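Reviewing the structure listed below.
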Amino acid sequence: MDEAIKTPLIRLAKRTKSGLSPAAVWLIRLGSILLALLLGCAVVALTGNNPIKAYGTMISGSMGSKVYFQQTVKKAIPLLGCALAIAPCFKMRFWNIGAEGQITAGALAATFVARTLSGKLPALPLLLCMAAAAILGGGLWGLIPGFFKARWNTNETLFTLMMNYIIIGVVAWLQAGPWEARQGRIAQFDAAAQLPRVAGIHCGWIIVLALVLFIHIYMRHTKQGYEIAVIGDSMRTAQYAGMNVGRIMMRTMFLSGAISGLVGFIIVSGANHTLAHDVAGGVGFTSITVAWLSQLNAFAMIAISLMLGILTKGADTLQTVMNIPAAISDIIIGLLLFCMLGCEFFINYKLIFRRRAGKGGAKS
Amino acid sequence: MEKNCYAIEFKGITKRFGPVVANDSVDLGLRRGEILALLGENGSGKTTLMNMLAGIYLPDEGSILAEGHPISIRSPKDSFAHGIGMIHQHYKLVDVFTAAENIVLGLENEKKLDMKKANARVREICQRYGFEIDPEKKVYDMSVSEKQTVEIVKVLYRGADILILDEPTAVLTPQETERLFSILRNMREDNKTIVIITHKLNEVMAISDEVAVLRKGKYIGTVKTSETNPQALTDMMVGRSVTLNIDRPLNENQAERLTVKDLSCFDHEHIKKLDKVSFTAMGGEILGVAGIAGSGQKELLEAIAGLCPVAEGSITYYPPEGGADELVGKTPMQIRKQGVSLAFIPEDRLGMGLVGSMGMTGNMMLRSWRRGRSPFVNRKEPQTLANRILRDLEVVTPDVEFPVRKLSGGNVQKVLVGREIASSPNVLMTAYAVRGLDINTSYTIYNLMTEQKMRGAAVIFVGEDLDVLLELCDRILVLCGGRVSGIVDARSATKEEIGLLMTSVGGKEEA
């Protein structure tokens with residue numbers, strides 16, 4: 001009689017079709033952020049510091065004053081721009097992890113124009129030429145893996161990744177060789193080649209906000225956006241519908257690279273005023289997280305990139321004010337991403353415990 | 001007394017998948033030395049119920065009894081220990097192993113693997129029940145029916161005396177089915193318990209002792225096969241009276257619409273999939289295409305649609321207005337732009353015919369998205385069309401923007417068929433149009449095909465159920481290994497005739 005059916009202690013079950021109510025979904029997401037911050041507290045406490053004070057410093061250091069907030073926004077601008085750039089690729093299920101290289105290619109092209117045309121053109125035409133060159137440079141750098149994928153079905157993930165190292169190497173060579181000004185650096189841009197400021201921040205923020213609108217409309221309302229969505233769902237369906245999949249892939253990769261290239265232009269012309277091999281500085285990779293966390297929604301990307309901006313700027317302050325290593329902030333960011341991505345699992349699945357059938361969705 | 005008769009008994013078994021109740025307190029008994037047919041429409045929970053016996057799922061409620069004692073089956077291993085063996089619809093064999101190697105795979109009780117002994121034992125089992133199989137033949141050299149034999153011998157080798165076969169005849173020709181049935185009868189003589197999951201009524205009548213019917217997860221009842229008939233079983237299965245006849249009017253106005261001549265195709269591994277296929281599809285008729293799965297049906301339709309590269313031959317389309325268009329060498333978009341009105345309902349509905357993540361409107365746009373010069377998509381007309389199809393074909397969906405992937409199989413197919421016939425095609429191609437659909441939806445589809453035929457379209461209907469092909473079509477083309485082994489008149493041909501053509505025996509004799 002002991003052989004009554006025993007079920008395992010915990011089982012997983014997919015949630016119902018309609019799923020949780022939107023309010024509950026957001027509660028879980030909020031809960032995951034809180035959990036991450038709590039875990040972060042533990043990490044800070046382990047270093048012997050007061051976690052509450054540390055968080056306070058991070059917040060005041062990133063948003064406490066106008067200048068701090070401007071610096072935070074400055075960090076968020078390239079993240080947002082680059083997340084917008086890779087959104088079409090990811091929607092197409094073309095895993096472009098080469099935004100880093102495409103930013104660098106755009107920055108390189110813009111720098112080339114700035115160096116050759118400085119002093120020959122007034123500011124506005126010069127900046128427009130630089131932007132156009134950056135779009136072309138980044139676009140071509142994205143088009144190459146797109147072409148190989150369309151033509152010979154190469155693996156785009158590896159290909160785009162490898163392309164990063166090539167272009168970074170090229171810039172490193174220029175930096176230490178032909179373009180070197182002093183001590184392995186490239187000379188600062190002329191004032192004419194620097195993006196003007198609006199509201200205390202270089203006007204790149206206006207450009208990326210315009211891009212938000214553009215990408216939103218492009219993905220939702222244009223024929224090209226429709227083609228991208230169909231290919232992302234099923235390549236066979238796209239062929240069945242008469243779409244030229246290879247051409248669309250190349251076009252989308254050009255667009256993606258072009259926007260990344262524009263971001264590269266914003267970085268060199270707006271923030272750094274010079275070119276260096278680490279110009280992208282990991283933005284191309286972090287923006288993948290931004291794009292993913294916002295589920296490719298252009299407007300959500302604004303919030304997510306701002307959040308990451310606050311965290312990185314806050315961490316810088318943490319280091320200077322409390323002498324806590326900046327690595328701690330990397331840990332907090334890691335925890336945050338882990339919890340935010342992990343909570344999606346609980347949104348889609350529920351846990352069923354033996355006997356007592358309860359919901360295990362909420363985090364504790 | 002009665003209780004002791006059951007080898008296995010289900011008591012109040014309930015299984016839920018999220019909100020779906022796949023089995024709703026099912027009570028069912030299996031008797032020793034009997035063949036039980038488990039009958040029900042697609043999605044009625046037959047396979048789920050048996051998977052709980054095979055240790056793949058755990059019941060949420062209820063208990064399973066073996067010889068009157070409650071047992072717990074938590075894994076396939078437990079299932080074997082109780083002498084239960086299930087032959088799944090999709091075979092699980094290692095291609096590069098021989099039959100005997102596959103059969104002994106995963107057995108742990110013997111210290112040393114003795115292939116000679118294993119081969120001998122496999123031969124002994126084969127002899128006992130009448131299987132024809134060479135233990136040393138590699139699986140990749142085997143036909144579908146041989147692979148199935150290996151699966152059955154595998155569970156017998158492990159000492160199973162309760163065998164469950166999930167839709168075993170779906171991939172077999174009529175002759176192979178007959179051979180399988182005689183083996184099952186031998187096993188019954190040997191006092192084994194056999195469950196055969198099926199939805200084909202004639203097979204139920206031919207092989208089973210008892211029939212248990214499931215409907216929408218609920219157990220409806222068990223009847224003795226000798227005391228029932230197909231009509232009564234259908235009524236049990238569907239829950240109300242349905243007529244089982246397909247209306248087949250004759251369209252007198254037939255005209256040559258599509259001529260395929262000496263068509264050959266290779267797949268991406270350079271294996272010949274079509275070998276000099278020639279036929280003519282007439283406007284105003286349904287041309288059935290029969291054949292064992294993978295005989296070139298898919299490639300034939302895709303070649304006509306411009307999706308499969310053609311090695312040689314021609315495909316000529318004759319519009320009703322006169323003239324002729326060659327389709328070989330054109331992309332699907334070129335074919336469409338040329339005004340060839342061709343509709344294609346592919347086998348892989350969500351993977352090829354539809355966009356699963358989009359709603360009905362987005363899927364209607366697959367045909368019209370490129371229209372006009374504007375860079376923006378026009379959603380108005382597709383939306384109107386989606387609403388019309390939703391109404392006309394009674395698609396069950398919350399609204400036209402609800403992702404079609406989340407609809408049931410029948411509704412998915414209605415969306416696809418609705419879109420394809422909305423273009424009033426002159427040629428309509430369908431591959432396995434009723435696979436996985438319930439009886440009602442199947443008949444809706446048959447009627448739509450006949451409607452298209454009477455309108456003058458040339459319908460090419462690739463099917464797997466020979467009974468349906470014989471009732472629905474005007475002519476049937478039989479494919480065997482990429483060749484046309486015969487074209488028969490569906491009104492006079494017999495199932496056996498087509499079965500022979502499917503294995504090329506008939507074709508070879510004539511040639």
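Chain lettering (A, B, ...) mirrors the order of the structure tokens, residue numbering begins at 1 for each chain separately, and ligand numbering begins at 1 in order of display.
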
Mind checking DSSP for segment 84-292 of chain A and telling me the helix (DSSP H, G or I) residues as a ChimeraX atom specification? /A:84-91,99-117,123-152,156-176,191-193,204-221,223-233,235-240,245-272,283-292

Surrounding residues of segment 229-242 of chain B excluding itself and chain neighbours under 3 positions, 7 Å, only C-alpha atoms, as a CSV table (one decimal) with C-alpha atoms, in the first residue's frame:
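Below you can see around.csv, which holds the result:
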chain,number,residue,atom,x,y,z
B,40,GLY,CA,-10.2,9.3,-30.3
B,41,GLU,CA,-9.7,12.3,-32.4
B,201,LEU,CA,-12.0,3.1,-37.9
B,213,VAL,CA,-13.1,5.8,-26.8
B,214,LEU,CA,-11.7,9.1,-25.5
B,215,ARG,CA,-13.2,12.5,-26.4

Write out as a Markdown table the residues of chain B that have any atom within 8 Å of an atom of chain A, one row each with the nearest atom pair and its distance in Å to one decimal, counting only C-alpha atoms, sorted by chain and then rising number.
| residue | atom | partner | partner_atom | distance |
| --- | --- | --- | --- | --- |
| B:Phe17 | CA | A:Ala13 | CA | 7.0 |
| B:Gly18 | CA | A:Thr16 | CA | 5.3 |
| B:Pro19 | CA | A:Thr16 | CA | 5.4 |
| B:Leu58 | CA | A:Thr7 | CA | 7.1 |
| B:Ser63 | CA | A:Ile5 | CA | 6.7 |
| B:Pro70 | CA | A:Glu3 | CA | 6.5 |
| B:Ile71 | CA | A:Glu3 | CA | 5.9 |
| B:Ser72 | CA | A:Ile5 | CA | 5.0 |
| B:Ile73 | CA | A:Ile5 | CA | 7.7 |
| B:Arg74 | CA | A:Thr7 | CA | 7.8 |
| B:Leu307 | CA | A:Tyr240 | CA | 7.0 |
| B:Thr331 | CA | A:Gly242 | CA | 7.1 |
| B:Pro332 | CA | A:Gly242 | CA | 4.9 |
| B:Met333 | CA | A:Gly242 | CA | 4.6 |
| B:Gly351 | CA | A:Ser234 | CA | 5.9 |
| B:Met352 | CA | A:Thr237 | CA | 4.0 |
| B:Gly353 | CA | A:Thr237 | CA | 5.6 |
| B:Leu354 | CA | A:Thr237 | CA | 6.2 |
| B:Val355 | CA | A:Asp233 | CA | 6.1 |
| B:Gly356 | CA | A:Asp233 | CA | 6.9 |
| B:Ser357 | CA | A:Asp233 | CA | 6.8 |
| B:Leu366 | CA | A:Ala241 | CA | 5.7 |
| B:Arg367 | CA | A:Ala241 | CA | 6.5 |
| B:Trp369 | CA | A:Lys223 | CA | 6.7 |
| B:Arg370 | CA | A:Lys223 | CA | 7.0 |
| B:Pro375 | CA | A:Thr222 | CA | 5.7 |
| B:Phe376 | CA | A:Thr222 | CA | 4.0 |
| B:Val377 | CA | A:Lys223 | CA | 5.1 |
| B:Lys406 | CA | A:Lys17 | CA | 7.7 |

Pick out each residue of segment 156-276 of chain B that DSSP on the backbone tags as strand (DSSP E or B); I need them as an MDAnalysis selection string. chainID B and resid 162:166 193:198 210:215 218:224 255:266 272:276

Would you list the contacts of segment 246-252 of chain B as a compact mmCIF listing (two decimals) with C-alpha atoms, in the first residue's frame, taking every protein, DNA or RNA residue within 12 Å and counting only C-alpha atoms, but skipping same-chain residues closer than 2 positions in sequence?
# COMPACT_ATOMS: atom_id res chain seq x y z
CA VAL B 242 -21.72 12.86 -38.36
CA THR B 243 -21.99 11.67 -41.91
CA LEU B 244 -18.91 9.92 -43.14
CA GLN B 254 -12.11 20.26 -67.42
CA ALA B 255 -9.19 21.98 -69.06
CA MET B 282 -6.72 19.51 -65.04
CA GLY B 283 -8.75 22.49 -63.97
CA GLY B 284 -11.93 21.16 -62.42
CA GLU B 285 -10.49 18.02 -60.89
CA ILE B 286 -8.82 16.96 -57.70
CA ILE B 439 -13.16 15.00 -38.08
CA ASN B 440 -15.31 18.09 -38.44
CA SER B 442 -11.28 17.60 -41.93
CA TYR B 443 -14.66 17.53 -43.64
CA THR B 444 -14.69 21.33 -43.83
CA ILE B 445 -11.36 21.12 -45.66
CA TYR B 446 -12.60 18.37 -48.01
CA ASN B 447 -15.63 20.49 -48.86
CA LEU B 448 -13.48 23.54 -49.53
CA MET B 449 -11.31 21.48 -51.89
CA THR B 450 -14.37 20.25 -53.77
CA GLU B 451 -15.71 23.82 -53.92
CA GLN B 452 -12.45 24.95 -55.51
CA LYS B 453 -12.60 22.12 -58.00
CA MET B 454 -16.16 22.98 -59.00
CA ARG B 455 -15.05 26.59 -59.44
CA GLY B 456 -12.59 25.30 -62.02
CA ALA B 457 -9.34 25.20 -60.08
CA ALA B 458 -6.87 22.37 -60.55
CA ASP B 467 -9.59 5.82 -47.97
CA VAL B 468 -9.93 9.60 -48.11
CA LEU B 469 -7.98 9.88 -51.36
CA LEU B 470 -10.23 7.28 -52.97
CA GLU B 471 -13.37 9.12 -51.87
CA LEU B 472 -12.31 12.69 -52.53
CA CYS B 473 -10.16 12.70 -55.66
CA ASP B 474 -10.93 12.26 -59.34
CA ARG B 475 -7.57 10.76 -60.22
CA ALA B 490 -10.06 7.21 -58.11
CA ARG B 491 -13.60 6.14 -58.86

Here atom CA of Ala291 of chain A and atom CA of Asp399 of chain B stand apart by 28.8 Å

For Thr173 of chain B: contacts at 9 Å, only C-alpha atoms, fewer than 6 positions along chain excluded, given as a short mmCIF file (atom, residue, chain, number, x, y, z; two decimals) with C-alpha atoms, in the first residue's frame:
data_model
loop_
_atom_site.label_atom_id
_atom_site.label_comp_id
_atom_site.auth_asym_id
_atom_site.auth_seq_id
_atom_site.Cartn_x
_atom_site.Cartn_y
_atom_site.Cartn_z
CA SER B 145 8.19 -0.71 -41.68
CA GLY B 291 2.89 7.46 -51.71
CA ILE B 292 4.91 6.39 -48.70
CA GLU B 496 -4.75 -2.72 -52.68
CA ILE B 498 -2.61 1.76 -54.85
CA GLY B 499 -0.75 -0.04 -52.07
CA LEU B 500 1.08 -2.12 -54.64
CA MET B 502 3.27 2.67 -53.52
CA THR B 503 5.90 -0.04 -53.14
#
